[in-house]
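Text of protein.cif, listed as mmCIF, C-alpha atoms:
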```
data_my_file
loop_
_atom_site.label_atom_id
_atom_site.label_comp_id
_atom_site.auth_asym_id
_atom_site.auth_seq_id
_atom_site.Cartn_x
_atom_site.Cartn_y
_atom_site.Cartn_z
CA MET A 27 -22.53 -4.57 -26.64
CA THR A 28 -24.40 -1.61 -25.11
CA ASP A 29 -22.88 1.81 -24.37
CA THR A 30 -23.11 1.10 -20.66
CA ALA A 31 -21.13 -2.10 -21.11
CA ILE A 32 -18.44 -0.27 -23.10
CA ILE A 33 -18.12 2.39 -20.38
CA GLU A 34 -17.91 -0.37 -17.78
CA VAL A 35 -15.12 -2.10 -19.68
CA MET A 36 -13.21 1.17 -20.11
CA LEU A 37 -13.50 1.89 -16.41
CA GLN A 38 -12.29 -1.62 -15.59
CA PHE A 39 -9.16 -1.02 -17.66
CA ILE A 40 -8.57 2.35 -15.96
CA GLY A 41 -8.81 0.37 -12.72
CA VAL A 42 -6.15 -2.02 -14.05
CA PHE A 43 -3.83 0.90 -14.83
CA VAL A 44 -4.32 2.65 -11.48
CA SER A 45 -4.01 -0.53 -9.40
CA LEU A 46 -0.93 -1.78 -11.21
CA SER A 47 0.68 1.70 -10.97
CA ILE A 48 0.26 1.68 -7.20
CA ALA A 49 1.57 -1.90 -7.13
CA TYR A 50 4.58 -0.87 -9.23
CA VAL A 51 5.53 2.09 -6.98
CA SER A 52 5.10 -0.15 -3.92
CA TYR A 53 7.26 -2.82 -5.53
CA ARG A 54 9.99 -0.24 -6.22
CA GLY A 55 9.78 0.63 -2.54
CA VAL A 56 10.19 -3.05 -1.67
CA ARG A 57 13.28 -3.29 -3.89
CA GLN A 58 14.89 -0.25 -2.33
CA THR A 59 13.88 -0.52 1.32
CA GLU A 60 12.93 -4.21 1.70
CA SER A 61 9.82 -3.06 3.55
CA SER A 62 7.29 -5.81 4.26
CA SER A 63 4.47 -3.23 4.48
CA LEU A 64 5.14 -2.11 0.93
CA LEU A 65 5.34 -5.76 -0.17
CA ARG A 66 1.84 -6.39 1.17
CA LEU A 67 0.61 -3.16 -0.43
CA ALA A 68 2.15 -4.18 -3.77
CA THR A 69 0.56 -7.65 -3.50
CA ALA A 70 -2.84 -6.13 -2.65
CA PHE A 71 -2.89 -3.80 -5.63
CA ALA A 72 -1.42 -6.42 -7.98
CA PHE A 73 -4.33 -8.73 -7.11
CA LEU A 74 -6.80 -5.85 -7.46
CA GLY A 75 -5.30 -4.93 -10.82
CA PHE A 76 -5.55 -8.49 -12.14
CA GLY A 77 -9.07 -8.72 -10.73
CA PHE A 78 -10.08 -5.65 -12.73
CA LEU A 79 -8.26 -7.09 -15.75
CA VAL A 80 -10.24 -10.34 -15.61
CA GLU A 81 -13.52 -8.44 -15.24
CA GLY A 82 -12.52 -6.11 -18.07
CA VAL A 83 -11.65 -9.00 -20.36
CA VAL A 84 -14.94 -10.72 -19.52
CA GLY A 85 -16.81 -7.52 -20.36
CA LEU A 86 -14.79 -7.04 -23.54
CA ASN A 87 -15.41 -10.51 -24.81
CA SER A 88 -19.11 -10.47 -25.56
CA ILE A 89 -18.91 -14.06 -26.75
CA LEU A 90 -18.04 -15.13 -23.23
CA ALA A 91 -21.22 -13.47 -22.02
CA THR A 92 -23.20 -16.38 -23.35
CA SER A 93 -20.62 -18.99 -22.50
CA PRO A 94 -21.09 -21.37 -19.58
CA ALA A 95 -17.54 -20.46 -18.51
CA LEU A 96 -18.71 -16.93 -17.68
CA ALA A 97 -19.62 -17.70 -14.08
CA THR A 98 -16.20 -19.26 -13.42
CA VAL A 99 -14.33 -16.34 -14.94
CA VAL A 100 -16.42 -13.77 -13.06
CA ILE A 101 -15.83 -15.67 -9.81
CA ALA A 102 -12.09 -15.76 -10.61
CA GLY A 103 -12.08 -11.98 -11.10
CA LEU A 104 -14.00 -11.44 -7.88
CA LEU A 105 -11.67 -13.82 -6.05
CA LEU A 106 -8.63 -11.86 -7.25
CA GLN A 107 -10.18 -8.60 -6.09
CA THR A 108 -11.17 -10.08 -2.74
CA THR A 109 -7.62 -11.37 -2.30
CA GLY A 110 -6.37 -7.84 -3.05
CA TYR A 111 -8.69 -6.36 -0.43
CA PHE A 112 -7.60 -9.11 1.96
CA PHE A 113 -3.95 -8.13 1.58
CA LEU A 114 -4.90 -4.49 2.13
CA ALA A 115 -6.65 -5.43 5.37
CA PHE A 116 -3.83 -7.85 6.25
CA SER A 117 -1.27 -5.02 5.93
CA HIS A 118 -3.19 -3.04 8.51
CA ALA A 119 -3.66 -6.10 10.73
CA VAL A 120 0.09 -6.74 10.75
CA ASP A 121 0.69 -3.05 11.40
CA VAL A 122 -1.66 -3.27 14.38
CA MET A 123 0.07 -6.39 15.70
CA LEU A 124 3.52 -4.86 15.32
CA ALA A 125 2.39 -1.77 17.17
CA LYS A 126 0.93 -4.06 19.87
CA ARG A 127 -2.33 -2.20 20.00
CA LEU A 128 -5.90 -3.35 19.45
CA GLY A 129 -7.24 -2.16 16.13
CA PRO A 130 -10.40 -0.10 16.45
CA ALA A 131 -11.52 -1.86 13.28
CA LEU A 132 -12.17 -5.00 15.32
CA LEU A 133 -15.21 -3.20 16.68
CA VAL A 134 -16.93 -3.41 13.30
CA LEU A 135 -16.53 -7.20 13.12
CA PRO A 136 -19.93 -8.10 14.57
CA VAL A 137 -21.67 -5.75 12.12
CA VAL A 138 -20.90 -7.99 9.16
CA THR A 139 -22.39 -11.46 8.99
CA LEU A 140 -21.78 -14.08 6.35
CA SER A 141 -25.35 -14.84 5.52
CA ALA A 142 -25.09 -15.20 1.75
CA THR A 143 -25.04 -18.63 0.24
CA GLN A 144 -23.55 -17.99 -3.16
CA LEU A 145 -19.79 -17.76 -3.52
CA ALA A 146 -19.97 -14.46 -5.40
CA ASN A 147 -22.03 -12.95 -2.61
CA VAL A 148 -19.63 -14.27 0.01
CA LEU A 149 -16.71 -12.74 -1.88
CA GLY A 150 -18.61 -9.47 -2.15
CA ILE A 151 -19.20 -9.38 1.60
CA LEU A 152 -15.60 -10.35 2.33
CA SER A 153 -14.32 -7.60 0.04
CA PHE A 154 -16.57 -5.11 1.76
CA TYR A 155 -15.36 -6.20 5.19
CA PHE A 156 -11.68 -6.06 4.18
CA VAL A 157 -12.06 -2.57 2.72
CA LEU A 158 -13.98 -1.47 5.79
CA TYR A 159 -11.13 -2.70 7.97
CA GLY A 160 -8.67 -0.76 5.81
CA VAL A 161 -10.80 2.39 6.05
CA VAL A 162 -11.06 2.29 9.83
CA GLU A 163 -7.34 1.61 10.25
CA THR A 164 -6.44 4.40 7.82
CA VAL A 165 -8.72 6.86 9.62
CA TYR A 166 -7.11 5.76 12.89
CA SER A 167 -3.71 6.34 11.32
CA TYR A 168 -4.83 9.81 10.22
CA ALA A 169 -5.93 10.57 13.79
CA ARG A 170 -2.40 9.62 14.88
CA THR A 171 -0.35 11.35 12.18
CA ARG A 172 -2.68 14.18 11.05
CA LYS A 173 -1.24 13.77 7.57
CA PRO A 174 -3.67 15.14 4.93
CA ASP A 175 -2.58 12.49 2.39
CA THR A 176 -3.68 9.75 4.80
CA LEU A 177 -7.15 11.33 5.06
CA VAL A 178 -7.36 11.48 1.26
CA ILE A 179 -6.48 7.76 1.06
CA ALA A 180 -9.11 7.02 3.72
CA ILE A 181 -11.70 8.79 1.54
CA GLY A 182 -10.50 6.79 -1.48
CA LEU A 183 -10.76 3.53 0.44
CA SER A 184 -14.22 4.54 1.69
CA LEU A 185 -15.37 4.97 -1.90
CA LEU A 186 -13.86 1.57 -2.74
CA GLY A 187 -15.84 0.18 0.20
CA VAL A 188 -19.07 1.77 -1.02
CA GLY A 189 -18.25 0.45 -4.50
CA THR A 190 -17.80 -3.11 -3.25
CA PHE A 191 -21.05 -2.83 -1.30
CA VAL A 192 -22.90 -1.64 -4.41
CA GLN A 193 -21.17 -4.46 -6.35
CA TRP A 194 -22.54 -6.93 -3.83
CA LEU A 195 -26.00 -5.37 -4.27
CA SER A 196 -25.60 -5.62 -8.03
CA LEU A 197 -24.98 -9.36 -7.65
CA LEU A 198 -28.19 -9.67 -5.63
CA TYR A 199 -30.29 -7.49 -7.93
CA ILE A 200 -29.05 -8.54 -11.37
CA GLN A 201 -32.07 -6.99 -13.08
CA VAL A 202 -31.01 -3.47 -11.99
CA ASP A 203 -28.38 -2.61 -14.65
CA VAL A 204 -27.48 0.75 -13.21
CA LEU A 205 -26.01 -0.83 -10.06
CA SER A 206 -23.30 -2.55 -12.05
CA LEU A 207 -22.24 0.71 -13.70
CA LEU A 208 -22.61 2.67 -10.47
CA GLN A 209 -20.34 0.30 -8.52
CA ILE A 210 -17.55 0.57 -11.07
CA ILE A 211 -17.83 4.39 -11.22
CA ILE A 212 -17.62 4.66 -7.41
CA LYS A 213 -14.69 2.23 -7.32
CA GLU A 214 -12.90 4.12 -10.09
CA VAL A 215 -13.24 7.44 -8.25
CA GLY A 216 -11.90 5.71 -5.14
CA LEU A 217 -9.00 4.21 -7.09
CA LEU A 218 -8.19 7.56 -8.72
CA ILE A 219 -7.99 9.10 -5.25
CA LEU A 220 -5.63 6.29 -4.22
CA PHE A 221 -3.58 7.22 -7.29
CA ILE A 222 -2.69 10.62 -5.74
CA PRO A 223 0.45 9.37 -3.90
CA VAL A 224 1.62 7.78 -7.15
CA LEU A 225 1.16 11.13 -8.91
CA GLY A 226 3.27 12.64 -6.13
CA PHE A 227 6.04 10.24 -7.11
CA ALA A 228 5.68 11.16 -10.76
CA ARG A 229 5.73 14.89 -9.94
CA LYS A 230 8.73 14.82 -7.62
CA GLY A 231 10.47 12.07 -9.50
CA VAL A 232 12.06 9.46 -7.35
CA GLY A 233 15.38 11.20 -7.99
CA VAL A 234 17.29 8.23 -6.70
CA LYS A 235 18.60 5.53 -8.93
CA LEU A 236 19.56 2.72 -6.64
CA ASP A 237 19.88 -0.71 -8.14
CA GLY A 238 17.95 -2.95 -5.83
CA PRO A 239 18.30 -3.20 -2.08
CA ILE A 240 21.32 -1.77 -0.33
CA MET B 5 22.30 7.30 9.16
CA SER B 6 20.32 10.48 9.59
CA THR B 7 22.29 11.19 12.78
CA ALA B 8 25.55 10.76 10.87
CA ARG B 9 24.19 13.29 8.39
CA ASP B 10 22.61 15.83 10.77
CA MET B 11 25.22 15.83 13.55
CA ASN B 12 28.15 16.11 11.18
CA THR B 13 28.15 19.91 11.23
CA GLU B 14 31.95 20.31 11.20
CA GLY B 15 32.49 17.71 8.50
CA SER B 16 34.77 15.63 10.69
CA GLY B 17 32.23 12.88 11.23
CA VAL B 18 30.21 11.72 14.21
CA GLY B 19 31.63 9.59 17.02
CA ILE B 20 30.14 6.31 18.14
CA THR B 21 29.12 7.79 21.52
CA THR B 22 26.79 10.28 19.82
CA LEU B 23 25.36 7.53 17.63
CA LEU B 24 24.82 5.28 20.66
CA ARG B 25 22.99 8.05 22.49
CA LYS B 26 20.81 8.94 19.51
CA GLY B 27 20.16 5.33 18.47
CA ASN B 28 19.55 4.17 22.04
CA MET B 29 21.18 0.79 21.49
CA SER B 30 24.00 -1.28 22.89
CA TYR B 31 27.63 -0.84 21.82
CA VAL B 32 27.79 -4.36 20.39
CA ARG B 33 24.63 -3.91 18.32
CA MET B 34 25.71 -0.47 17.12
CA SER B 35 29.18 -1.75 16.14
CA LYS B 36 27.61 -4.54 14.09
CA LEU B 37 25.18 -2.12 12.42
CA LEU B 38 27.92 0.38 11.64
CA GLY B 39 30.00 -2.42 10.12
CA GLU B 40 27.10 -3.34 7.84
CA LEU B 41 26.42 0.27 6.84
CA VAL B 42 30.09 0.97 6.11
CA GLY B 43 30.33 -2.34 4.24
CA SER B 44 27.37 -1.44 2.03
CA GLY B 45 28.83 2.01 1.34
CA LEU B 46 26.13 4.02 3.07
CA LEU B 47 28.47 5.39 5.74
CA VAL B 48 32.13 6.33 5.52
CA GLN B 49 34.44 5.51 8.41
CA LEU B 50 37.02 8.20 9.19
CA THR B 51 39.81 6.91 11.42
CA ASN B 52 42.01 9.46 13.12
CA GLU B 53 44.38 8.72 16.04
CA LYS B 54 42.56 5.52 17.04
CA ILE B 55 39.23 7.31 17.04
CA SER B 56 36.67 6.24 14.50
CA LYS B 57 34.12 8.71 13.28
CA TYR B 58 31.38 8.19 10.76
CA THR B 59 29.91 10.35 8.05
CA ILE B 60 27.19 9.66 5.53
CA SER B 61 28.25 8.86 1.98
CA PRO B 62 26.59 10.20 -1.22
CA LYS B 63 25.04 6.75 -1.64
CA GLY B 64 23.73 6.98 1.93
CA LEU B 65 22.16 10.36 1.16
CA GLN B 66 20.49 8.86 -1.89
CA PHE B 67 19.20 5.96 0.18
CA LEU B 68 17.81 8.30 2.85
CA ALA B 69 16.03 10.40 0.21
CA ALA B 70 14.45 7.26 -1.27
CA TYR B 71 13.60 5.93 2.18
CA TYR B 72 11.79 9.15 3.18
CA GLN B 73 9.86 9.14 -0.11
CA PHE B 74 8.66 5.58 0.37
CA GLU B 75 7.97 6.21 4.05
CA ASP B 76 5.74 9.10 3.00
CA PHE B 77 4.03 6.81 0.46
CA ALA B 78 3.41 4.07 3.05
CA THR B 79 2.17 6.60 5.63
CA SER B 80 -0.33 7.90 3.08
CA PHE B 81 -1.86 4.43 3.07
CA GLY B 82 -1.90 4.43 6.87
CA LEU B 83 1.00 1.98 7.06
CA ARG B 84 4.44 2.11 8.64
CA LEU B 85 7.46 1.36 6.50
#
```
What would you get if you wrote out this structure as structure tokens?
Amino acid sequence: MTDTAIIEVMLQFIGVFVSLSIAYVSYRGVRQTESSSLLRLATAFAFLGFGFLVEGVVGLNSILATSPALATVVIAGLLLQTTGYFFLAFSHAVDVMLAKRLGPALLVLPVVTLSATQLANVLGILSFYFVLYGVVETVYSYARTRKPDTLVIAIGLSLLGVGTFVQWLSLLYIQVDVLSLLQIIIKEVGLLILFIPVLGFARKGVGVKLDGPI
Amino acid sequence: MSTARDMNTEGSGVGITTLLRKGNMSYVRMSKLLGELVGSGLLVQLTNEKISKYTISPKGLQFLAAYYQFEDFATSFGLRL
């Protein structure tokens, strides 16, 4: 296993920690407030976390690298991540529908076309589109609320979007090793930015010990 | 709940008329909601000479604090709670 591969695996596991932390805080919110928005957020980051976990385990297990099962496992990891990004986009879509307004993100729909033939490429494009939708909706939300934290999350999501785009490129250009490492670094920085609200929880402490929903 | 907390300046509770005005909802709907909140221990009903007033309970204050924290969290992600 090369140094690059080890770094990649480490970053994947950091991604697991960050994603599952966000999912955990969201889930606590679901338990206490029964909010459907937080439920979708928790689902999104749980899927992302398990997606990173699968990719991390694949990277860790160098034996699998030569196994015919590799493609299936990699696709499974990508599918989990795409599902996570879908739930992220879905949360915003539901938010848009509840607010009875047209999402500005719909404007970016024609930009993305499903031209790839391979499943991995399709998942890559879908992930990119879902993140893009989340970015546009979050920026729109920032324009409405002017909350600095929302802008920070939009930047984090943007980096995740760039990361998924680079990941898609890395699937197309397998011979360029640096793309694979670059995509995970960009995604990790994005995820660490998304971790900021969770750190806020850790700093303030929830301070409320309610057992489940009221 | 936040009205029952903020408007209760004298400590004698808040009447249903104030809650109706602030909540902008019908009497029937408000009565049902108040029943649920009192039943779950988030509000305390103070009855005095046939007049019912409501004040927030310590559990209600805890719930509001948690609610605002998670609302802040959801807003950070551009979502509404």
For this session: Could you please select, counting only C-alpha atoms, the residues of chain B within 12 Å of chain A and state them as a PyMOL selection string?
Result: chain B and resi 40-47+62-85
For this session: Work out how far apart atom CA of A:Ala169 and atom CA of A:Leu217 are and give it in Å to one decimal.
Result: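 Rounded to one decimal, the two atoms are 22.0 Å apart.
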Problem set entry | Among the residues A:Val157, A:Ile151, A:Val192, A:Leu218, the one that comes closest to A:Ser206 [using only C-alpha atoms] |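 Result for the nearest residue to A:Ser206: A:Val192.
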For this session: Please indicate the distance in Å from atom CA of A:Val148 to atom CA of A:Phe112, rounded to one decimal place.
Result: 13.2 Å
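Minimum atom-to-atom distance to B:Gln49, evaluated using only C-alpha atoms, belongs to B:Val18 out of B:Leu23, B:Val18, B:Met34, B:Met29.
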Because the input lacks atoms here, generate N, CA, C and O atoms for stretch 50-65 of chain B and report them as a PDB file, keeping the file's coordinate frame.
```pdb
ATOM      1  N   LEU B  50      35.836   7.334   9.184  1.00  0.00           N
ATOM      2  CA  LEU B  50      37.020   8.200   9.190  1.00  0.00           C
ATOM      3  C   LEU B  50      37.833   7.857  10.438  1.00  0.00           C
ATOM      4  O   LEU B  50      37.358   8.067  11.559  1.00  0.00           O
ATOM      5  N   THR B  51      38.989   7.294  10.261  1.00  0.00           N
ATOM      6  CA  THR B  51      39.810   6.910  11.420  1.00  0.00           C
ATOM      7  C   THR B  51      40.938   7.916  11.597  1.00  0.00           C
ATOM      8  O   THR B  51      41.693   8.197  10.671  1.00  0.00           O
ATOM      9  N   ASN B  52      41.005   8.458  12.825  1.00  0.00           N
ATOM     10  CA  ASN B  52      42.010   9.460  13.120  1.00  0.00           C
ATOM     11  C   ASN B  52      42.505   9.266  14.549  1.00  0.00           C
ATOM     12  O   ASN B  52      41.726   9.404  15.499  1.00  0.00           O
ATOM     13  N   GLU B  53      43.770   8.939  14.715  1.00  0.00           N
ATOM     14  CA  GLU B  53      44.380   8.720  16.040  1.00  0.00           C
ATOM     15  C   GLU B  53      43.537   7.763  16.895  1.00  0.00           C
ATOM     16  O   GLU B  53      43.080   8.110  17.989  1.00  0.00           O
ATOM     17  N   LYS B  54      43.302   6.602  16.359  1.00  0.00           N
ATOM     18  CA  LYS B  54      42.560   5.520  17.040  1.00  0.00           C
ATOM     19  C   LYS B  54      41.091   5.831  17.298  1.00  0.00           C
ATOM     20  O   LYS B  54      40.392   5.067  17.940  1.00  0.00           O
ATOM     21  N   ILE B  55      40.649   6.975  16.843  1.00  0.00           N
ATOM     22  CA  ILE B  55      39.230   7.310  17.040  1.00  0.00           C
ATOM     23  C   ILE B  55      38.508   7.190  15.705  1.00  0.00           C
ATOM     24  O   ILE B  55      38.922   7.807  14.722  1.00  0.00           O
ATOM     25  N   SER B  56      37.450   6.396  15.731  1.00  0.00           N
ATOM     26  CA  SER B  56      36.670   6.240  14.500  1.00  0.00           C
ATOM     27  C   SER B  56      35.465   7.166  14.517  1.00  0.00           C
ATOM     28  O   SER B  56      34.747   7.249  15.516  1.00  0.00           O
ATOM     29  N   LYS B  57      35.318   7.868  13.419  1.00  0.00           N
ATOM     30  CA  LYS B  57      34.120   8.710  13.280  1.00  0.00           C
ATOM     31  C   LYS B  57      33.445   8.315  11.973  1.00  0.00           C
ATOM     32  O   LYS B  57      34.065   7.744  11.079  1.00  0.00           O
ATOM     33  N   TYR B  58      32.158   8.633  11.905  1.00  0.00           N
ATOM     34  CA  TYR B  58      31.380   8.190  10.760  1.00  0.00           C
ATOM     35  C   TYR B  58      30.666   9.371  10.100  1.00  0.00           C
ATOM     36  O   TYR B  58      30.171  10.269  10.781  1.00  0.00           O
ATOM     37  N   THR B  59      30.657   9.337   8.805  1.00  0.00           N
ATOM     38  CA  THR B  59      29.910  10.350   8.050  1.00  0.00           C
ATOM     39  C   THR B  59      29.117   9.650   6.954  1.00  0.00           C
ATOM     40  O   THR B  59      29.482   8.557   6.507  1.00  0.00           O
ATOM     41  N   ILE B  60      28.042  10.289   6.550  1.00  0.00           N
ATOM     42  CA  ILE B  60      27.190   9.660   5.530  1.00  0.00           C
ATOM     43  C   ILE B  60      27.810   9.836   4.147  1.00  0.00           C
ATOM     44  O   ILE B  60      28.402  10.880   3.845  1.00  0.00           O
ATOM     45  N   SER B  61      27.686   8.811   3.337  1.00  0.00           N
ATOM     46  CA  SER B  61      28.250   8.860   1.980  1.00  0.00           C
ATOM     47  C   SER B  61      27.196   9.398   1.001  1.00  0.00           C
ATOM     48  O   SER B  61      26.007   9.457   1.335  1.00  0.00           O
ATOM     49  N   PRO B  62      27.584   9.776  -0.212  1.00  0.00           N
ATOM     50  CA  PRO B  62      26.590  10.200  -1.220  1.00  0.00           C
ATOM     51  C   PRO B  62      25.535   9.116  -1.468  1.00  0.00           C
ATOM     52  O   PRO B  62      24.359   9.410  -1.621  1.00  0.00           O
ATOM     53  N   LYS B  63      25.989   7.858  -1.457  1.00  0.00           N
ATOM     54  CA  LYS B  63      25.040   6.750  -1.640  1.00  0.00           C
ATOM     55  C   LYS B  63      24.057   6.676  -0.468  1.00  0.00           C
ATOM     56  O   LYS B  63      22.871   6.402  -0.643  1.00  0.00           O
ATOM     57  N   GLY B  64      24.586   6.965   0.737  1.00  0.00           N
ATOM     58  CA  GLY B  64      23.730   6.980   1.930  1.00  0.00           C
ATOM     59  C   GLY B  64      22.689   8.084   1.844  1.00  0.00           C
ATOM     60  O   GLY B  64      21.533   7.897   2.229  1.00  0.00           O
ATOM     61  N   LEU B  65      23.108   9.249   1.331  1.00  0.00           N
ATOM     62  CA  LEU B  65      22.160  10.360   1.160  1.00  0.00           C
ATOM     63  C   LEU B  65      21.060   9.992   0.172  1.00  0.00           C
ATOM     64  O   LEU B  65      19.891  10.301   0.392  1.00  0.00           O
TER      65      LEU B  65
END
```
